[in-house]
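K.L.:
Structure below; questions to follow.
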Amino acid sequence: MNIRIGQGYDVHQLGEGYDLWLGGVKIPHTVGSVGHSDADVLLHAMCDALLGAAAMGDIGKHFKNTDPRWKGIDSKILLKIVVEMLQKEGYKIGNIDSTVCLQEPKIGKYIPEMIQAIASVTGLPDNCISIKATTTEEMGFVGRKEGLEAHAVALIYKDLN
């Protein structure tokens, strides 16, 4: 068995006039993530963790922010493409663990819906997807409400037989 671990990180500015997408779920808020796609910082970190585990580069390598195909795209589609890339190489996902860092809004009540959205894309059972949320205690760009960030780790595996 070939077992691998990947780590992903993403960050986006917050701005007026944008939607706030996290884990494939639109979160009501006064500002949203600024980006070329829907700027879902959590799904982007998960994509990077999965790609990194397979030594396949990062999200920017496969989905360039200068490519009009990805303009405004739902990041669940990007995650689905990444999952398909892994499957093509014979990998299966074991689990994904993640943390979202943002000062506001509080997102705990949306986490079950995020897990469902991610499960529907990845095929993972709910108990193999972990999403945690924290503030930065008003420190840094996250604490000043200028942006948000997400961290993710993923385990992938394949049989060598």
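Convention: chains lettered A, B, ... in structure tokens order; per-chain residue numbering from 1; ligands numbered from 1 as shown.
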Looking only at strand (DSSP E or B) from DSSP on the backbone, list the matching residues of chain A as a ChimeraX atom specification.

P.N.:
/A:2-15,20-22,25-27,32-33,92-101,129-134,147-158

K.L.:
Find the spatial neighbours of range 99-109 of chain A, counting only C-alpha atoms, within a cut-off of 9 Å - ignore same-chain residues fewer than 4 positions away - and output them as a PyMOL selection string.

P.N.:
chain A and resi 22+27-29+41-42+113+130-138+142-145+147-152

K.L.:
Dump N, CA, C and O atoms for the selected residues as a CSV table (one decimal), in the first residue's frame?

P.N.:
chain,number,residue,atom,x,y,z
A,22,LEU,N,-17.8,29.0,1.5
A,22,LEU,CA,-16.9,28.2,2.3
A,22,LEU,C,-17.3,26.8,2.2
A,22,LEU,O,-18.5,26.5,2.5
A,27,ILE,N,-22.3,31.5,2.5
A,27,ILE,CA,-22.5,32.0,3.9
A,27,ILE,C,-23.0,33.4,3.8
A,27,ILE,O,-22.4,34.3,3.2
A,28,PRO,N,-24.2,33.7,4.4
A,28,PRO,CA,-24.6,35.1,4.4
A,28,PRO,C,-23.6,36.0,5.2
A,28,PRO,O,-23.3,35.7,6.4
A,29,HIS,N,-23.2,37.1,4.6
A,29,HIS,CA,-22.3,38.0,5.3
A,29,HIS,C,-22.2,39.3,4.5
A,29,HIS,O,-22.6,39.3,3.3
A,41,VAL,N,-12.0,29.5,-0.1
A,41,VAL,CA,-10.7,29.3,0.5
A,41,VAL,C,-10.6,27.9,1.0
A,41,VAL,O,-9.5,27.3,0.9
A,42,LEU,N,-11.6,27.4,1.6
A,42,LEU,CA,-11.6,26.0,2.1
A,42,LEU,C,-11.4,24.9,1.1
A,42,LEU,O,-10.5,24.1,1.2
A,113,GLU,N,-23.4,21.3,6.8
A,113,GLU,CA,-23.8,21.5,5.4
A,113,GLU,C,-22.5,21.5,4.5
A,113,GLU,O,-22.6,20.9,3.4
A,130,SER,N,-13.3,16.5,8.2
A,130,SER,CA,-13.3,17.4,9.4
A,130,SER,C,-13.1,18.8,9.0
A,130,SER,O,-12.2,19.2,8.2
A,131,ILE,N,-14.0,19.7,9.5
A,131,ILE,CA,-13.8,21.1,9.3
A,131,ILE,C,-13.9,21.8,10.7
A,131,ILE,O,-14.9,21.6,11.4
A,132,LYS,N,-12.9,22.5,11.0
A,132,LYS,CA,-12.9,23.3,12.3
A,132,LYS,C,-12.8,24.8,11.9
A,132,LYS,O,-12.4,25.1,10.8
A,133,ALA,N,-13.2,25.6,12.8
A,133,ALA,CA,-13.1,27.1,12.6
A,133,ALA,C,-12.6,27.8,13.8
A,133,ALA,O,-12.8,27.4,14.9
A,134,THR,N,-11.8,28.8,13.5
A,134,THR,CA,-11.2,29.6,14.6
A,134,THR,C,-11.0,31.0,14.2
A,134,THR,O,-11.1,31.3,13.0
A,135,THR,N,-10.9,31.9,15.1
A,135,THR,CA,-10.5,33.3,14.8
A,135,THR,C,-9.0,33.4,15.0
A,135,THR,O,-8.4,32.4,15.4
A,136,THR,N,-8.5,34.6,14.8
A,136,THR,CA,-7.1,34.8,15.1
A,136,THR,C,-6.9,35.8,16.3
A,136,THR,O,-5.9,36.4,16.4
A,137,GLU,N,-8.0,35.8,17.1
A,137,GLU,CA,-8.0,36.7,18.3
A,137,GLU,C,-7.7,38.1,17.9
A,137,GLU,O,-6.9,38.8,18.6
A,138,GLU,N,-8.2,38.6,16.8
A,138,GLU,CA,-8.1,39.9,16.3
A,138,GLU,C,-6.7,40.3,15.9
A,138,GLU,O,-6.4,41.5,15.7
A,142,VAL,N,-6.4,38.5,9.2
A,142,VAL,CA,-7.6,37.9,9.5
A,142,VAL,C,-8.3,38.6,10.6
A,142,VAL,O,-9.5,38.9,10.5
A,143,GLY,N,-7.6,38.9,11.6
A,143,GLY,CA,-8.2,39.6,12.8
A,143,GLY,C,-8.7,41.0,12.5
A,143,GLY,O,-9.6,41.5,13.1
A,144,ARG,N,-8.0,41.6,11.5
A,144,ARG,CA,-8.5,43.0,11.0
A,144,ARG,C,-9.6,42.9,10.0
A,144,ARG,O,-10.1,43.9,9.5
A,145,LYS,N,-10.1,41.6,9.7
A,145,LYS,CA,-11.2,41.3,8.8
A,145,LYS,C,-10.9,41.7,7.4
A,145,LYS,O,-11.7,42.1,6.6
A,147,GLY,N,-9.2,39.6,5.4
A,147,GLY,CA,-9.1,38.3,4.6
A,147,GLY,C,-9.4,37.2,5.5
A,147,GLY,O,-9.7,37.3,6.7
A,148,LEU,N,-9.4,36.0,4.9
A,148,LEU,CA,-9.5,34.7,5.6
A,148,LEU,C,-8.6,33.7,5.0
A,148,LEU,O,-8.0,33.9,3.9
A,149,GLU,N,-8.4,32.6,5.8
A,149,GLU,CA,-7.4,31.6,5.3
A,149,GLU,C,-8.0,30.3,5.7
A,149,GLU,O,-8.8,30.1,6.6
A,150,ALA,N,-7.4,29.2,5.0
A,150,ALA,CA,-7.8,27.9,5.4
A,150,ALA,C,-6.6,27.0,5.2
A,150,ALA,O,-5.7,27.2,4.4
A,151,HIS,N,-6.5,26.0,6.1
A,151,HIS,CA,-5.5,25.0,6.1
A,151,HIS,C,-6.2,23.6,6.0
A,151,HIS,O,-7.2,23.4,6.5
A,152,ALA,N,-5.5,22.7,5.2
A,152,ALA,CA,-6.1,21.4,5.1
A,152,ALA,C,-5.0,20.3,5.0
A,152,ALA,O,-3.9,20.6,4.5

K.L.:
Taking the backbone alone, and naming residues the way the document does, which bits of range 7-148 of chain A are helix (DSSP H, G or I) by DSSP, as JSON, numbers by chain?

P.N.:
{"A": [41, 42, 43, 44, 45, 46, 47, 48, 49, 50, 51, 52, 53, 59, 60, 61, 62, 68, 69, 70, 75, 76, 77, 78, 79, 80, 81, 82, 83, 84, 85, 86, 87, 88, 108, 109, 110, 111, 112, 113, 114, 115, 116, 117, 118, 119, 120, 121, 122, 126, 127, 128, 140, 141, 142, 143]}

K.L.:
Residues as selected, C-alpha atoms, written as a CSV table (one decimal), in the first residue's frame, can you do that?

P.N.:
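The file below, selection_16.csv, is the result:
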chain,number,residue,atom,x,y,z
A,41,VAL,CA,-10.7,29.3,0.5
A,42,LEU,CA,-11.6,26.0,2.1
A,43,LEU,CA,-12.1,24.0,-1.0
A,44,HIS,CA,-8.9,25.5,-2.5
A,45,ALA,CA,-6.9,24.4,0.5
A,46,MET,CA,-8.4,21.0,0.2
A,47,CYS,CA,-7.5,20.8,-3.5
A,48,ASP,CA,-3.9,21.8,-2.7
A,49,ALA,CA,-3.7,19.1,0.1
A,50,LEU,CA,-4.9,16.4,-2.3
A,51,LEU,CA,-2.7,17.5,-5.2
A,52,GLY,CA,0.3,17.8,-2.9
A,53,ALA,CA,-0.2,14.3,-1.5
A,59,ILE,CA,-4.3,24.4,-7.6
A,60,GLY,CA,-2.5,27.3,-9.4
A,61,LYS,CA,-0.8,24.9,-11.7
A,62,HIS,CA,-4.0,23.2,-12.9
A,68,PRO,CA,-11.1,32.6,-18.5
A,69,ARG,CA,-12.5,29.0,-18.2
A,70,TRP,CA,-12.1,29.3,-14.4
A,75,SER,CA,-15.0,25.5,-6.5
A,76,LYS,CA,-16.8,22.2,-6.1
A,77,ILE,CA,-16.2,21.7,-9.8
A,78,LEU,CA,-12.4,22.2,-9.2
A,79,LEU,CA,-12.5,19.8,-6.3
A,80,LYS,CA,-14.3,17.2,-8.5
A,81,ILE,CA,-11.6,17.6,-11.2
A,82,VAL,CA,-8.9,17.1,-8.6
A,83,VAL,CA,-10.6,13.9,-7.2
A,84,GLU,CA,-10.9,12.6,-10.8
A,85,MET,CA,-7.2,13.3,-11.4
A,86,LEU,CA,-6.3,11.3,-8.3
A,87,GLN,CA,-8.6,8.5,-9.3
A,88,LYS,CA,-6.9,8.4,-12.7
A,108,GLY,CA,-20.1,26.5,13.2
A,109,LYS,CA,-23.8,26.1,12.2
A,110,TYR,CA,-22.8,25.7,8.5
A,111,ILE,CA,-20.2,23.0,9.0
A,112,PRO,CA,-22.6,20.1,8.7
A,113,GLU,CA,-23.8,21.5,5.4
A,114,MET,CA,-20.2,22.0,4.2
A,115,ILE,CA,-19.3,18.4,5.1
A,116,GLN,CA,-22.3,17.2,3.1
A,117,ALA,CA,-21.3,19.3,0.1
A,118,ILE,CA,-17.7,18.0,0.2
A,119,ALA,CA,-18.9,14.4,0.7
A,120,SER,CA,-21.1,14.6,-2.3
A,121,VAL,CA,-18.1,15.7,-4.5
A,122,THR,CA,-15.4,13.4,-3.0
A,126,ASP,CA,-19.1,12.4,6.6
A,127,ASN,CA,-16.8,11.0,9.3
A,128,CYS,CA,-13.8,11.3,7.0
A,140,GLY,CA,-3.1,40.0,11.6
A,141,PHE,CA,-5.0,40.4,8.4
A,142,VAL,CA,-7.6,37.9,9.5
A,143,GLY,CA,-8.2,39.6,12.8

K.L.:
Identify, on the basis of only C-alpha atoms, every residue whose closest approach to Leu155 in chain A does not exceed 7 Å; exclude the query and any residue fewer than 3 positions from it along the same chain; express the result as a PyMOL selection string.

P.N.:
chain A and resi 4-6+93-96

K.L.:
One number please: CA of Ala54 in chain A to CA of Ile156 in chain A, in Å, one decimal.

P.N.:
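CA of Ile156 in chain A lies 7.6 Å from CA of Ala54 in chain A.
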
K.L.:
Restricting the calculation to only C-alpha atoms: of A:Glu146, A:Asp67, A:Glu89, A:Asp159, which residue gets closest to Gly15 in chain A?

P.N.:
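So, comparing all the options, the nearest one is A:Glu146.
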
K.L.:
To one decimal place in Å, what is the distance between CA of Asp74 in chain A and CA of Ala55 in chain A?

P.N.:
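Atom-to-atom, CA of Asp74 in chain A to CA of Ala55 in chain A, that is 24.0 Å.
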
K.L.:
A:Gly123, A:Gly8, A:Gly35, A:Gly17: which is nearest Asn65 in chain A, counting only C-alpha atoms?

P.N.:
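For Asn65 in chain A, the nearest of the given residues is A:Gly35.
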